[in-house]
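Source file: target10.pdb (PDB, C-alpha atoms)
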```pdb
MODEL        1
ATOM      1  CA  MET A   1       0.000   0.000   0.000
ATOM      2  CA  THR A   2       1.381   3.416  -0.948
ATOM      3  CA  LEU A   3       0.402   7.021  -0.614
ATOM      4  CA  LYS A   4      -2.395   8.087  -2.927
ATOM      5  CA  HIS A   5      -1.527  10.960  -5.211
ATOM      6  CA  PHE A   6      -4.595  12.963  -6.104
ATOM      7  CA  CYS A   7      -4.592  14.800  -9.409
ATOM      8  CA  LEU A   8      -4.183  18.538  -9.089
ATOM      9  CA  PRO A   9      -4.853  21.095 -11.833
ATOM     10  CA  THR A  10      -1.789  21.949 -13.880
ATOM     11  CA  SER A  11      -2.725  25.600 -14.067
ATOM     12  CA  THR A  12      -4.756  28.121 -12.159
ATOM     13  CA  SER A  13      -7.445  30.450 -13.439
ATOM     14  CA  SER A  14      -6.660  33.958 -14.674
ATOM     15  CA  VAL A  15      -8.491  35.353 -11.649
ATOM     16  CA  ALA A  16      -6.255  33.386  -9.277
ATOM     17  CA  ARG A  17      -3.178  34.440 -11.261
ATOM     18  CA  LYS A  18      -4.101  38.105 -10.862
ATOM     19  CA  ALA A  19      -4.433  37.668  -7.110
ATOM     20  CA  GLU A  20      -1.074  35.906  -6.906
ATOM     21  CA  LYS A  21       2.061  37.671  -5.718
ATOM     22  CA  THR A  22       5.721  36.680  -5.897
ATOM     23  CA  GLU A  23       8.007  36.615  -2.860
ATOM     24  CA  LYS A  24      11.796  36.542  -3.055
ATOM     25  CA  VAL A  25      12.977  34.318  -0.201
ATOM     26  CA  LYS A  26      16.654  34.681   0.721
ATOM     27  CA  CYS A  27      18.195  32.608   3.497
ATOM     28  CA  PRO A  28      21.965  33.074   3.165
ATOM     29  CA  PRO A  29      24.451  31.667   2.657
ATOM     30  CA  PHE A  30      23.008  28.834   0.586
ATOM     31  CA  ALA A  31      19.377  29.425  -0.311
ATOM     32  CA  SER A  32      17.482  31.779  -2.539
ATOM     33  CA  LEU A  33      13.981  30.855  -3.659
ATOM     34  CA  THR A  34      11.282  32.495  -5.747
ATOM     35  CA  ILE A  35       7.900  31.756  -4.176
ATOM     36  CA  SER A  36       4.509  32.452  -5.783
ATOM     37  CA  VAL A  37       1.809  33.072  -3.180
ATOM     38  CA  PRO A  38      -1.875  32.736  -4.193
ATOM     39  CA  GLY A  39      -4.132  35.391  -2.697
ATOM     40  CA  ALA A  40      -5.904  32.941  -0.357
ATOM     41  CA  THR A  41      -2.701  31.235   0.855
ATOM     42  CA  HIS A  42      -1.090  32.389   4.104
ATOM     43  CA  PHE A  43       2.583  33.391   3.912
ATOM     44  CA  ASP A  44       4.349  34.718   7.010
ATOM     45  CA  ARG A  45       7.793  36.047   6.156
ATOM     46  CA  GLU A  46       8.757  36.445   9.840
ATOM     47  CA  ASN A  47       8.697  32.650  10.203
ATOM     48  CA  LEU A  48      11.761  32.491   7.962
ATOM     49  CA  SER A  49      13.991  33.959  10.667
ATOM     50  CA  LEU A  50      13.505  30.651  12.517
ATOM     51  CA  VAL A  51      14.770  28.524   9.633
ATOM     52  CA  SER A  52      18.311  29.486   8.717
ATOM     53  CA  PHE A  53      20.585  26.694   7.490
ATOM     54  CA  GLU A  54      21.962  26.122  10.983
ATOM     55  CA  LYS A  55      18.584  26.196  12.765
ATOM     56  CA  LEU A  56      16.673  24.065  10.291
ATOM     57  CA  GLY A  57      19.601  21.669  10.022
ATOM     58  CA  ASP A  58      19.699  21.352  13.816
ATOM     59  CA  ALA A  59      15.963  20.635  13.911
ATOM     60  CA  LEU A  60      15.981  18.087  11.083
ATOM     61  CA  GLY A  61      19.136  16.267  12.201
ATOM     62  CA  ASN A  62      20.973  15.434  15.412
ATOM     63  CA  ASN A  63      24.511  15.062  16.691
ATOM     64  CA  ASN A  64      24.491  11.314  16.098
ATOM     65  CA  ARG A  65      23.368  11.469  12.461
ATOM     66  CA  LYS A  66      26.004  11.561   9.749
ATOM     67  CA  GLN A  67      25.640  14.305   7.161
ATOM     68  CA  GLN A  68      25.103  11.851   4.285
ATOM     69  CA  GLN A  69      22.263  10.156   6.185
ATOM     70  CA  GLN A  70      20.669  13.510   6.880
ATOM     71  CA  GLN A  71      20.774  14.421   3.176
ATOM     72  CA  GLN A  72      18.806  11.257   2.294
ATOM     73  CA  GLN A  73      15.935  11.991   4.669
ATOM     74  CA  ARG A  74      12.342  11.806   3.442
ATOM     75  CA  VAL A  75      10.112  14.616   4.753
ATOM     76  CA  LEU A  76       6.323  14.639   5.097
ATOM     77  CA  TYR A  77       5.350  18.317   5.066
ATOM     78  CA  VAL A  78       1.883  18.624   6.631
ATOM     79  CA  GLY A  79      -0.078  21.821   5.960
ATOM     80  CA  CYS A  80       2.515  22.863   3.386
ATOM     81  CA  GLY A  81       0.904  26.072   2.107
ATOM     82  CA  THR A  82       3.324  27.528  -0.447
ATOM     83  CA  GLY A  83       5.852  24.798   0.393
ATOM     84  CA  VAL A  84       8.613  27.204   1.419
ATOM     85  CA  LEU A  85       9.941  25.267   4.452
ATOM     86  CA  GLY A  86      10.146  22.017   2.488
ATOM     87  CA  LEU A  87      11.865  23.804  -0.390
ATOM     88  CA  LEU A  88      14.405  25.293   2.007
ATOM     89  CA  ALA A  89      15.118  21.793   3.355
ATOM     90  CA  LEU A  90      15.726  20.630  -0.234
ATOM     91  CA  ARG A  91      17.821  23.686  -1.103
ATOM     92  CA  PHE A  92      19.908  23.292   2.064
ATOM     93  CA  LYS A  93      20.380  19.605   1.063
ATOM     94  CA  LEU A  94      18.969  18.519   4.424
ATOM     95  CA  CYS A  95      16.690  15.983   2.733
ATOM     96  CA  SER A  96      16.292  14.240  -0.606
ATOM     97  CA  TYR A  97      12.490  14.141  -0.895
ATOM     98  CA  VAL A  98       9.495  16.158   0.368
ATOM     99  CA  HIS A  99       5.883  15.003   0.281
ATOM    100  CA  PHE A 100       3.767  18.176   0.295
ATOM    101  CA  SER A 101       0.317  17.777   1.864
ATOM    102  CA  ASP A 102      -2.493  20.206   2.560
ATOM    103  CA  VAL A 103      -6.295  20.227   2.638
ATOM    104  CA  ASN A 104      -6.310  23.260   0.317
ATOM    105  CA  THR A 105      -5.930  22.300  -3.360
ATOM    106  CA  GLU A 106      -4.864  25.847  -4.265
ATOM    107  CA  ALA A 107      -2.056  25.646  -1.707
ATOM    108  CA  LEU A 108      -0.984  22.248  -3.042
ATOM    109  CA  GLU A 109      -0.860  23.567  -6.592
ATOM    110  CA  SER A 110       1.157  26.536  -5.339
ATOM    111  CA  ALA A 111       3.649  24.237  -3.558
ATOM    112  CA  ARG A 112       3.986  22.052  -6.628
ATOM    113  CA  ARG A 113       4.506  24.999  -8.959
ATOM    114  CA  ASN A 114       7.020  26.585  -6.588
ATOM    115  CA  ALA A 115       8.970  23.319  -6.411
ATOM    116  CA  GLN A 116       9.064  23.046 -10.190
ATOM    117  CA  ASN A 117       9.995  26.714 -10.647
ATOM    118  CA  ASN A 118      12.942  26.242  -8.279
ATOM    119  CA  GLY A 119      14.302  23.269 -10.207
ATOM    120  CA  TYR A 120      12.795  20.230  -8.457
ATOM    121  CA  GLU A 121      11.277  17.294 -10.315
ATOM    122  CA  GLU A 122       7.918  15.816  -9.320
ATOM    123  CA  GLY A 123       8.241  12.132  -8.507
ATOM    124  CA  LYS A 124      11.982  12.376  -7.888
ATOM    125  CA  HIS A 125      12.248  15.232  -5.392
ATOM    126  CA  PHE A 126       8.648  15.731  -4.296
ATOM    127  CA  ARG A 127       4.983  14.766  -4.553
ATOM    128  CA  ALA A 128       1.763  16.462  -3.436
ATOM    129  CA  SER A 129      -1.496  15.062  -2.042
ATOM    130  CA  ILE A 130      -4.561  16.127  -0.090
ATOM    131  CA  PHE A 131      -4.329  15.583   3.648
ATOM    132  CA  ASP A 132      -6.428  17.114   6.451
ATOM    133  CA  LEU A 133      -4.645  16.716   9.776
ATOM    134  CA  ASN A 134      -7.581  18.201  11.658
ATOM    135  CA  ASN A 135     -10.449  16.108  10.276
ATOM    136  CA  ASN A 136     -10.450  12.329  10.555
ATOM    137  CA  ASP A 137     -13.614  12.137   8.422
ATOM    138  CA  HIS A 138     -12.420  14.235   5.489
ATOM    139  CA  PRO A 139     -13.486  12.295   2.343
ATOM    140  CA  LEU A 140     -10.079  12.621   0.680
ATOM    141  CA  ASN A 141      -7.986  12.117   3.789
ATOM    142  CA  ASN A 142      -4.821  10.234   3.045
ATOM    143  CA  TYR A 143      -3.159   9.098   6.261
ATOM    144  CA  PRO A 144       0.211   7.588   5.340
ATOM    145  CA  PRO A 145       0.243   3.828   6.015
ATOM    146  CA  THR A 146       3.001   2.285   8.081
ATOM    147  CA  SER A 147       4.570   0.887   4.900
ATOM    148  CA  CYS A 148       5.542   4.447   3.886
ATOM    149  CA  ARG A 149       8.757   5.592   5.511
ATOM    150  CA  PHE A 150       9.240   9.212   6.511
ATOM    151  CA  ASP A 151      12.181  10.332   8.588
ATOM    152  CA  VAL A 152      10.676  13.724   9.437
ATOM    153  CA  ILE A 153       7.221  15.281   9.755
ATOM    154  CA  LEU A 154       7.501  19.026   9.142
ATOM    155  CA  CYS A 155       4.654  21.354  10.094
ATOM    156  CA  ASN A 156       3.983  25.017  10.779
ATOM    157  CA  PRO A 157       0.416  24.557  12.046
ATOM    158  CA  PRO A 158      -2.232  27.138  12.949
ATOM    159  CA  GLN A 159      -1.138  28.397  16.366
ATOM    160  CA  MET A 160      -3.852  30.744  17.652
ATOM    161  CA  PRO A 161      -6.190  29.512  20.414
ATOM    162  CA  GLY A 162      -9.625  31.062  20.499
ATOM    163  CA  PRO A 163     -13.410  30.576  20.557
ATOM    164  CA  LYS A 164     -15.159  28.456  17.930
ATOM    165  CA  ASP A 165     -15.979  31.580  15.943
ATOM    166  CA  LEU A 166     -12.270  31.958  15.158
ATOM    167  CA  GLY A 167     -12.375  28.534  13.503
ATOM    168  CA  TYR A 168     -15.184  29.682  11.219
ATOM    169  CA  ARG A 169     -13.680  33.062  10.422
ATOM    170  CA  ARG A 170      -9.975  32.160  10.219
ATOM    171  CA  PRO A 171      -9.429  28.388   9.924
ATOM    172  CA  ASP A 172      -5.849  29.125   8.806
ATOM    173  CA  LYS A 173      -5.113  30.425  12.314
ATOM    174  CA  TYR A 174      -7.453  28.445  14.587
ATOM    175  CA  ALA A 175      -5.672  25.906  16.817
ATOM    176  CA  GLY A 176      -8.525  24.890  19.089
ATOM    177  CA  LYS A 177      -9.669  26.361  22.390
ATOM    178  CA  ASP A 178      -6.294  25.864  24.067
ATOM    179  CA  GLY A 179      -4.017  26.058  21.013
ATOM    180  CA  MET A 180      -3.063  22.365  21.278
ATOM    181  CA  LEU A 181      -5.288  20.850  18.595
ATOM    182  CA  TYR A 182      -2.709  20.351  15.847
ATOM    183  CA  TYR A 183       0.047  19.229  18.205
ATOM    184  CA  ARG A 184      -2.177  16.382  19.406
ATOM    185  CA  ARG A 185      -2.820  15.455  15.770
ATOM    186  CA  LEU A 186       0.878  15.606  14.909
ATOM    187  CA  ALA A 187       1.822  13.420  17.861
ATOM    188  CA  TYR A 188      -0.884  10.910  16.930
ATOM    189  CA  LEU A 189       0.294  10.837  13.300
ATOM    190  CA  ALA A 190       3.934  10.325  14.349
ATOM    191  CA  GLY A 191       2.928   7.456  16.631
ATOM    192  CA  LYS A 192       1.159   5.709  13.743
ATOM    193  CA  LEU A 193       4.218   5.666  11.475
ATOM    194  CA  SER A 194       6.985   3.113  11.763
ATOM    195  CA  PRO A 195       9.715   3.843  12.501
ATOM    196  CA  THR A 196       8.493   6.863  14.442
ATOM    197  CA  PRO A 197       9.736   9.984  12.636
ATOM    198  CA  ARG A 198      11.147  13.146  14.101
ATOM    199  CA  VAL A 199       8.547  15.962  14.210
ATOM    200  CA  VAL A 200       9.755  19.494  13.457
ATOM    201  CA  PHE A 201       7.253  22.240  14.224
ATOM    202  CA  MET A 202       6.700  25.864  15.167
ATOM    203  CA  GLN A 203       4.733  27.064  18.188
ATOM    204  CA  THR A 204       3.865  30.419  19.736
ATOM    205  CA  SER A 205       3.648  31.183  23.436
ATOM    206  CA  PHE A 206      -0.114  31.702  23.067
ATOM    207  CA  SER A 207      -0.171  27.996  23.997
ATOM    208  CA  SER A 208       1.851  26.202  26.680
ATOM    209  CA  PHE A 209       5.286  24.951  25.608
ATOM    210  CA  SER A 210       5.472  22.452  28.473
ATOM    211  CA  GLU A 211       1.995  21.087  27.697
ATOM    212  CA  VAL A 212       2.935  20.474  24.056
ATOM    213  CA  ASP A 213       6.085  18.694  25.259
ATOM    214  CA  ARG A 214       3.893  16.469  27.439
ATOM    215  CA  ILE A 215       1.515  15.727  24.550
ATOM    216  CA  PHE A 216       4.323  14.446  22.333
ATOM    217  CA  HIS A 217       5.739  12.342  25.158
ATOM    218  CA  ASP A 218       2.435  10.809  26.253
ATOM    219  CA  ILE A 219       1.057  10.076  22.772
ATOM    220  CA  ALA A 220       4.175   9.203  20.759
ATOM    221  CA  ARG A 221       6.934   8.805  23.382
ATOM    222  CA  LEU A 222       8.863  11.642  21.748
ATOM    223  CA  HIS A 223      11.039  14.153  23.597
ATOM    224  CA  VAL A 224      10.777  17.794  22.526
ATOM    225  CA  ARG A 225      13.850  19.988  22.174
ATOM    226  CA  THR A 226      13.520  23.730  21.613
ATOM    227  CA  VAL A 227      15.939  24.627  18.815
ATOM    228  CA  HIS A 228      15.434  28.383  18.650
ATOM    229  CA  VAL A 229      13.174  31.097  20.095
ATOM    230  CA  GLN A 230      12.341  34.508  18.658
ATOM    231  CA  GLU A 231      10.271  37.390  19.993
ATOM    232  CA  ARG A 232       7.350  38.644  17.909
ATOM    233  CA  LYS A 233       4.842  41.469  18.154
ATOM    234  CA  VAL A 234       1.283  41.916  16.920
ATOM    235  CA  SER A 235      -1.108  44.811  17.440
ATOM    236  CA  ILE A 236      -4.043  44.333  19.806
ATOM    237  CA  LYS A 237      -6.236  45.727  17.047
ATOM    238  CA  ALA A 238      -5.140  42.927  14.687
ATOM    239  CA  VAL A 239      -5.771  40.258  17.350
ATOM    240  CA  SER A 240      -9.197  41.664  18.187
ATOM    241  CA  ALA A 241     -10.122  41.785  14.499
ATOM    242  CA  LEU A 242      -9.744  37.994  14.167
ATOM    243  CA  CYS A 243     -13.103  37.418  15.868
ATOM    244  CA  SER A 244     -15.299  38.757  18.633
ATOM    245  CA  GLY A 245     -13.750  38.235  22.071
ATOM    246  CA  GLN A 246     -10.388  37.000  20.760
ATOM    247  CA  PHE A 247      -8.136  39.198  22.889
ATOM    248  CA  ARG A 248     -10.217  38.465  26.005
ATOM    249  CA  TRP A 249      -9.806  34.744  25.244
ATOM    250  CA  LEU A 250      -6.013  35.086  25.186
ATOM    251  CA  HIS A 251      -6.096  37.161  28.365
ATOM    252  CA  ASP A 252      -8.077  34.422  30.140
ATOM    253  CA  LEU A 253      -5.570  31.783  28.984
ATOM    254  CA  GLN A 254      -2.774  33.952  30.332
ATOM    255  CA  LYS A 255      -4.461  34.159  33.743
ATOM    256  CA  VAL A 256      -4.595  30.354  34.048
ATOM    257  CA  GLY A 257      -0.986  30.017  32.886
ATOM    258  CA  THR A 258      -1.436  28.367  29.483
ATOM    259  CA  ALA A 259      -0.503  31.466  27.460
ATOM    260  CA  CYS A 260       2.604  33.609  27.912
ATOM    261  CA  PHE A 261       2.708  37.120  26.472
ATOM    262  CA  LYS A 262       2.741  40.726  27.607
ATOM    263  CA  LYS A 263       0.821  43.810  26.607
ATOM    264  CA  LYS A 264       2.927  46.816  25.668
ATOM    265  CA  GLU A 265       1.073  49.963  24.686
ATOM    266  CA  ASP A 266      -1.153  48.913  21.767
ATOM    267  CA  SER A 267       0.659  45.646  21.011
ATOM    268  CA  VAL A 268       1.059  42.096  22.269
ATOM    269  CA  ILE A 269       4.601  40.738  22.561
ATOM    270  CA  TYR A 270       4.947  36.955  22.497
ATOM    271  CA  SER A 271       7.500  34.264  21.665
ATOM    272  CA  GLN A 272       7.679  31.705  18.878
ATOM    273  CA  ARG A 273       9.864  28.625  18.845
ATOM    274  CA  LEU A 274      11.223  26.133  16.354
ATOM    275  CA  ALA A 275      11.212  22.726  18.054
ATOM    276  CA  ALA A 276      11.969  19.095  17.262
ATOM    277  CA  ALA A 277      10.331  16.063  18.864
ATOM    278  CA  SER A 278      12.335  12.865  18.581
ATOM    279  CA  SER A 279      13.117   9.634  20.382
ATOM    280  CA  HIS A 280      16.469  11.073  21.499
ATOM    281  CA  LYS A 281      16.011  12.096  25.115
ATOM    282  CA  LYS A 282      19.509  13.473  25.695
ATOM    283  CA  ASP A 283      19.497  17.211  26.505
ATOM    284  CA  ALA A 284      15.857  17.600  25.436
ATOM    285  CA  TYR A 285      14.515  18.892  28.722
ATOM    286  CA  ASN A 286      17.629  20.883  29.614
ATOM    287  CA  THR A 287      17.462  22.661  26.276
ATOM    288  CA  HIS A 288      13.779  23.358  26.806
ATOM    289  CA  ALA A 289      14.434  24.724  30.284
ATOM    290  CA  ARG A 290      17.033  27.138  28.934
ATOM    291  CA  ALA A 291      14.665  28.239  26.164
ATOM    292  CA  THR A 292      11.843  28.748  28.659
ATOM    293  CA  ALA A 293      14.146  30.878  30.800
ATOM    294  CA  ARG A 294      14.976  33.047  27.786
ATOM    295  CA  ILE A 295      11.269  33.438  26.990
ATOM    296  CA  SER A 296      10.401  34.423  30.556
ATOM    297  CA  SER A 297      13.221  36.926  30.745
ATOM    298  CA  SER A 298      12.254  38.514  27.417
ATOM    299  CA  LEU A 299       8.597  38.794  28.414
TER     300      LEU A 299
ENDMDL
END
```
Would you mind writing the file out in structure tokens?
Amino acid sequence: MTLKHFCLPTSTSSVARKAEKTEKVKCPPFASLTISVPGATHFDRENLSLVSFEKLGDALGNNNRKQQQQQQQRVLYVGCGTGVLGLLALRFKLCSYVHFSDVNTEALESARRNAQNNGYEEGKHFRASIFDLNNNDHPLNNYPPTSCRFDVILCNPPQMPGPKDLGYRRPDKYAGKDGMLYYRRLAYLAGKLSPTPRVVFMQTSFSSFSEVDRIFHDIARLHVRTVHVQERKVSIKAVSALCSGQFRWLHDLQKVGTACFKKKEDSVIYSQRLAAASSHKKDAYNTHARATARISSSL
């Protein structure tokens, strides 16, 4: 049994093309990509500061893995959007193959076109298929069977906790009431694959770092290591505009200790981390403790 590969359109409509914009992605010293972003596809340039060659290489590999082995890794990129993180992994030569997956067919077509435009061959370097991590009953869901080997699951999931209305208004941002929804799904997916792959993900401090660490350990017996942390800022007006009661929701989560941020004038300052969950326990918790200390001191 192998992964199903659903047919995607080879071109987009003229209306979609007009709404599309082109981003020049530069991650020195090795990578420069040209990324086309459809109007409905989310692209957050600030995420790229988390994925330099050193940081992404640290997350995808480990001290015990030889460089040649790391280069041959197969990556399952869940919720790929434009595909930029997977393309950086290919450009950095940190893997040999990326399977792009998303529930949005427009995003999948964008990832496929971006891969081709940057010199990668479908079937040899990548494939693309529909996959909804959040919905077990999706009619086209394509959970990878255990016969398919992936060394890494890569994901930059929706990371904003909020009321149900946020899920209706902004499904690209909604991460459940406590912000943990996709991390539970990722841990469950990792536990179903054999051998259990490393999971590389991003997370904001709007949800609890330690609780996500516990989720990966309890569900998949994986140990989370924080690779890098950066501080970010968003206006309160932008948060409140997501849906009615959104900022109050975050404030309530902060009071019970599951969200960590601070209000400064008309903005919210929070932290975002790049993390890796793997079966290698060594230094995982110590690294996380140091990262948590940095977050607390910055906030």
| message | Nearest residue to A:Val84 out of A:Gln116, A:Gly123, A:Thr34, A:Val103, using all atoms listed in the file? | response |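 Closest candidate: A:Thr34.
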Please enumerate the residues selected by the PyMOL selection byres ((chain A and resi 264) around 12) when evaluated against the supplied file, formatted as a VMD selection string.
chain A and resid 233 to 236 261 to 263 265 to 270 299
Computed interatomic separation between atom CA of A:Gly83 and atom CA of A:Met202 (Å):
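Value for the atom CA of A:Gly83-atom CA of A:Met202 distance: 14.8 Å.
Among the candidates A:His99, A:Arg113, A:Arg221, A:Arg273, the one nearest to A:Arg198 when counting all atoms listed in the file is A:Arg221.
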From atom CA of A:Leu108 to atom CA of A:Ala275 the spacing works out at 24.4 Å
Check: Excluding same-chain residues fewer than 6 positions from A:Gln254, what lies within 10 Å of it counting only C-alpha atoms, as a list in words?
Finding: Ser205, Phe206, Ser207, Ser208, Arg248, Cys260, Phe261 and Lys262 of chain A
*asked:* Expand the PyMOL selection byres ((chain A and resi 195) around 9) into the explicit residue set it covers here, and present it as an MDAnalysis selection string.
replied: chainID A and resid 146 149:151 190:194 196:197
